[in-house]
Structures are given as structure tokens and as C-alpha cells.
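Here's the structure, in C-alpha cells; my notes come after.
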Amino acid sequence: MENRQPGSCLVCELGLVTFPEAMEFEHRLIKLRANDTIDDVLLIFEHPPTITLGKFGDRGNILVPPAELAQRGIEFYDSDRGGDATFNCPGQLVIHPIMNLRYRGARAYVAELEEVGLGVLRDYGIAAERLPQHPGVWVNGKQIGAVGLHISHGVSMHGLSLNVNPDLDSFKTINLCGIAGRSATSIENELGYEVSMSEAKQRVMSWCSKIFHVDLLSISKEQLRKLCF
């Protein structure tokens, strides 16, 4: 892979979007990418407080009843990705590449997603690691990045979520990725001072370009909408 010339990849910052809106974009993009109608696309966004459950997930890993979730303004959706329960909210960057995996297998791709998170954390001076049994990024046993995928016709969707400066108490509504007793942390929590979301986005994009060996071309949400619809 090192000898390949960098490919092109569109990157779009969607801002704060609901899970259904993000998935509508991604399901349309994955079809376009599978047909080679478009190049790879990198979506970066945040969700309002949302719990999603992977297609093989256990509802027992959602620790708060539906009525209380609604009262707290937390949305819930079933997802077609792998993995178990995840929590998304403002302050967490969601990084979803719509990427043709012809040059990499699924396991190698998961490792690359993790490496994006590890690289960003190294930039901040945070020592993080992988846990072999649990995909994602971890700091002293606490989850700072979650990974979940859906692959169709050799093209990926979903990806990595990285905690920059979210409300960590809200993560207690689930067993993180189906693992009882684990807690969440964030870049801001580990550093002990305010962290700029815009700076974190730039670091994420830099590492995505490096790890996925692509040149990024920024497009607006409106341009993405025209591409998809």
C-alpha cells in the first residue's frame, strides 16, 4: 500500500446532525461509491445526545429505560453497524469514511481507524492504546474512541467516534460497547483544560489523510446534498 499514489477523498463537515440524517447521506454515498460514481468521502460531524445499538447488540446494555431517555432528551436508534451500544453527543467527533476497501481488509481498516484516533491523541500528548478484544481507543482502561462498521459491496460506512469535550456523565446510560463496568474519558478530561473542537477536527483530518493515504478536498454540506440527491 505504501507504493500507491495518494487517492482523492472528499471531506464534508456536517455540523450537528441527527442519526437518521447522517445515515440518509451515508446509505446514498455507499451506493455511489460502490458503483465508482464518486471517490471516497470522509464525513465529520456531531450528534445530539443519541444511543445507537449495533445489529448484534444486546438491549440489556442500555441501562436507562426508554421513558427516562426521552425525558433526558436522549434519542435511541437501532443501527446496521457492528458492535454493541454506543453513546454520541455534542463534544464527540464522529468520523465516518465512505471508503472503498479494495486495498485493505476489514481488520486492517479497523486498525487504521484506531490509528487515526491514536495519532490525534499523540498530538495532544495522551498515551492511548488498543485492547485486542475490544476495537476502539482506550486510555488507562477508559474508552476515548469507539469503532463500529458496516461494509457493503466492499465499501465502508460508520467508523470512529472520538471524545473531545463531551459531557461524560451521559455515557453512564450504557455499557460502553457492551462492556460492563467501563467508563468513558475525553481529550479535555485527560488534559485538564479546554480543548478546541475546530483544532481537533483539523488534527483528525490530517491523520485521516496520512493513514488512509488520500488527499482531502473539502466540500460544503449543500454540495454533498447535491451529490447525493
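The way I read the labels, and the way they are meant: chains A, B, ... in the order of the C-alpha cells, residue 1 as the first residue of every chain, and ligand 1 as the first ligand shown, with later ones counted on from there.
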Which segment 13-69 of chain A residues have any atom within 6 Å of an atom of segment 159-183 of chain A, and for each, what is the nearest pair of atoms with distance in Å to one decimal, counting only C-alpha atoms, rows sorted by chain and number, as JSON lines?
{"residue": "A:Asn61", "atom": "CA", "partner": "A:Asn175", "partner_atom": "CA", "distance": 5.0}
{"residue": "A:Ile62", "atom": "CA", "partner": "A:Ile174", "partner_atom": "CA", "distance": 4.5}
{"residue": "A:Leu63", "atom": "CA", "partner": "A:Ile174", "partner_atom": "CA", "distance": 5.1}
{"residue": "A:Val64", "atom": "CA", "partner": "A:Thr173", "partner_atom": "CA", "distance": 5.7}
> In Å, with one decimal, what is the gap from atom CA of Pro48 of chain A to atom CA of Gly119 of chain A?
Replying inline: 25.8 Å
> Rounded to one decimal in Å, what is the spacing between atom CA of Gly117 of chain A and atom CA of Ala34 of chain A?
Replying inline: 26.0 Å
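Comparing the minimum interatomic distances between His158 of chain A and each of A:Arg59, A:Arg81, A:Arg72, A:His27, counting only C-alpha atoms, we find that A:Arg81 sits nearest.
Taking atom CA of Gln223 of chain A and atom CA of Leu14 of chain A as the two end points, the separation is 11.0 Å.
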>> I'd like the neighbourhood of Pro97 of chain A as a list in words, where a residue qualifies if any of its atoms comes within 9 Å (using only C-alpha atoms), though same-chain residues fewer than 6 positions away should be ignored.
In response: Val11, Asp40, Val41, Leu42, Leu43, Ile44, Ser156, Met157, His158, Gly159 and Leu160 of chain A
> Within 10 Å of Val204 of chain A, counting only C-alpha atoms, which residues qualify if same-chain residues fewer than 4 places away don't, as a list in words?
Replying inline: Ile44, Leu93, Ile95, Val116, Gly117, Gly119, Val120, Leu121, Leu162, Ser198, Glu199, Ala200, Cys208, Ser209 and Lys210 of chain A
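With only C-alpha atoms as the atoms that count, the residue of A:Gly154, A:Gly83, A:Ile98, A:Pro132 with the shortest distance to Arg28 of chain A is A:Ile98.
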> Pick the closest to Gln202 of chain A from A:Ser79, A:Ser218, A:Gln143, A:Thr52: which is it, counting only C-alpha atoms?
Replying inline: A:Ser218
>> DSSP on the backbone: which residues in segment 114-188 of chain A end up as alpha helix (DSSP H)? Give the answer as a list of chain:residue names.
In response: A:Glu114, A:Glu115, A:Val116, A:Gly117, A:Leu118, A:Gly119, A:Val120, A:Leu121, A:Arg122, A:Asp123, A:Ile187, A:Glu188
Selection from above, all heavy atoms, as a compact mmCIF listing (two decimals), in the first residue's frame, can you write it?
# COMPACT_ATOMS: atom_id res chain seq x y z
N GLU A 114 -8.47 3.01 14.22
CA GLU A 114 -7.89 3.16 15.55
C GLU A 114 -6.64 4.02 15.51
O GLU A 114 -6.41 4.85 16.39
CB GLU A 114 -7.58 1.79 16.14
CG GLU A 114 -8.81 0.95 16.46
CD GLU A 114 -8.46 -0.48 16.82
OE1 GLU A 114 -7.40 -0.97 16.37
OE2 GLU A 114 -9.26 -1.11 17.55
N GLU A 115 -5.84 3.84 14.47
CA GLU A 115 -4.59 4.61 14.36
C GLU A 115 -4.86 6.10 14.16
O GLU A 115 -4.09 6.94 14.63
CB GLU A 115 -3.74 4.07 13.22
CG GLU A 115 -2.33 4.64 13.17
CD GLU A 115 -1.53 4.39 14.45
OE1 GLU A 115 -1.68 3.30 15.04
OE2 GLU A 115 -0.77 5.29 14.86
N VAL A 116 -5.96 6.43 13.49
CA VAL A 116 -6.34 7.85 13.39
C VAL A 116 -6.54 8.42 14.79
O VAL A 116 -6.01 9.47 15.14
CB VAL A 116 -7.62 8.02 12.54
CG1 VAL A 116 -8.16 9.44 12.67
CG2 VAL A 116 -7.34 7.70 11.07
N GLY A 117 -7.33 7.71 15.61
CA GLY A 117 -7.54 8.17 16.97
C GLY A 117 -6.27 8.21 17.79
O GLY A 117 -6.01 9.19 18.50
N LEU A 118 -5.45 7.19 17.68
CA LEU A 118 -4.19 7.15 18.42
C LEU A 118 -3.27 8.29 18.00
O LEU A 118 -2.59 8.90 18.84
CB LEU A 118 -3.50 5.80 18.19
CG LEU A 118 -4.18 4.57 18.82
CD1 LEU A 118 -3.56 3.29 18.27
CD2 LEU A 118 -4.08 4.60 20.33
N GLY A 119 -3.24 8.58 16.70
CA GLY A 119 -2.40 9.67 16.21
C GLY A 119 -2.85 11.02 16.73
O GLY A 119 -2.03 11.85 17.15
N VAL A 120 -4.17 11.27 16.72
CA VAL A 120 -4.69 12.53 17.26
C VAL A 120 -4.32 12.66 18.73
O VAL A 120 -3.87 13.73 19.18
CB VAL A 120 -6.22 12.60 17.08
CG1 VAL A 120 -6.80 13.80 17.82
CG2 VAL A 120 -6.58 12.67 15.59
N LEU A 121 -4.46 11.59 19.48
CA LEU A 121 -4.15 11.64 20.91
C LEU A 121 -2.66 11.85 21.15
O LEU A 121 -2.27 12.57 22.08
CB LEU A 121 -4.64 10.36 21.58
CG LEU A 121 -6.16 10.21 21.58
CD1 LEU A 121 -6.57 8.81 22.04
CD2 LEU A 121 -6.82 11.25 22.46
N ARG A 122 -1.82 11.27 20.31
CA ARG A 122 -0.38 11.53 20.44
C ARG A 122 -0.09 13.00 20.24
O ARG A 122 0.78 13.58 20.91
CB ARG A 122 0.41 10.68 19.44
CG ARG A 122 0.58 9.22 19.83
CD ARG A 122 1.67 8.55 19.02
NE ARG A 122 1.38 8.52 17.61
CZ ARG A 122 0.70 7.55 17.00
NH1 ARG A 122 0.23 6.53 17.71
NH2 ARG A 122 0.49 7.60 15.71
N ASP A 123 -0.80 13.63 19.29
CA ASP A 123 -0.61 15.06 19.06
C ASP A 123 -0.87 15.86 20.33
O ASP A 123 -0.26 16.92 20.55
CB ASP A 123 -1.55 15.56 17.96
CG ASP A 123 -1.09 15.17 16.56
OD1 ASP A 123 0.06 14.71 16.42
OD2 ASP A 123 -1.89 15.35 15.63
N ILE A 187 -10.47 13.83 25.52
CA ILE A 187 -9.22 14.57 25.40
C ILE A 187 -9.17 15.66 26.46
O ILE A 187 -8.17 15.83 27.18
CB ILE A 187 -9.07 15.16 23.99
CG1 ILE A 187 -8.97 14.04 22.94
CG2 ILE A 187 -7.85 16.08 23.91
CD1 ILE A 187 -8.99 14.52 21.51
N GLU A 188 -10.26 16.41 26.58
CA GLU A 188 -10.30 17.50 27.54
C GLU A 188 -10.15 16.98 28.97
O GLU A 188 -9.44 17.57 29.79
CB GLU A 188 -11.60 18.28 27.39
CG GLU A 188 -11.68 19.52 28.24
CD GLU A 188 -12.82 20.43 27.84
OE1 GLU A 188 -12.72 21.07 26.77
OE2 GLU A 188 -13.83 20.47 28.57
> Given the choices A:Ser152, A:Ala85, A:His213, A:Glu68, which gets closest to Ile30 of chain A if the distance is worked out from only C-alpha atoms?
Replying inline: A:Ser152
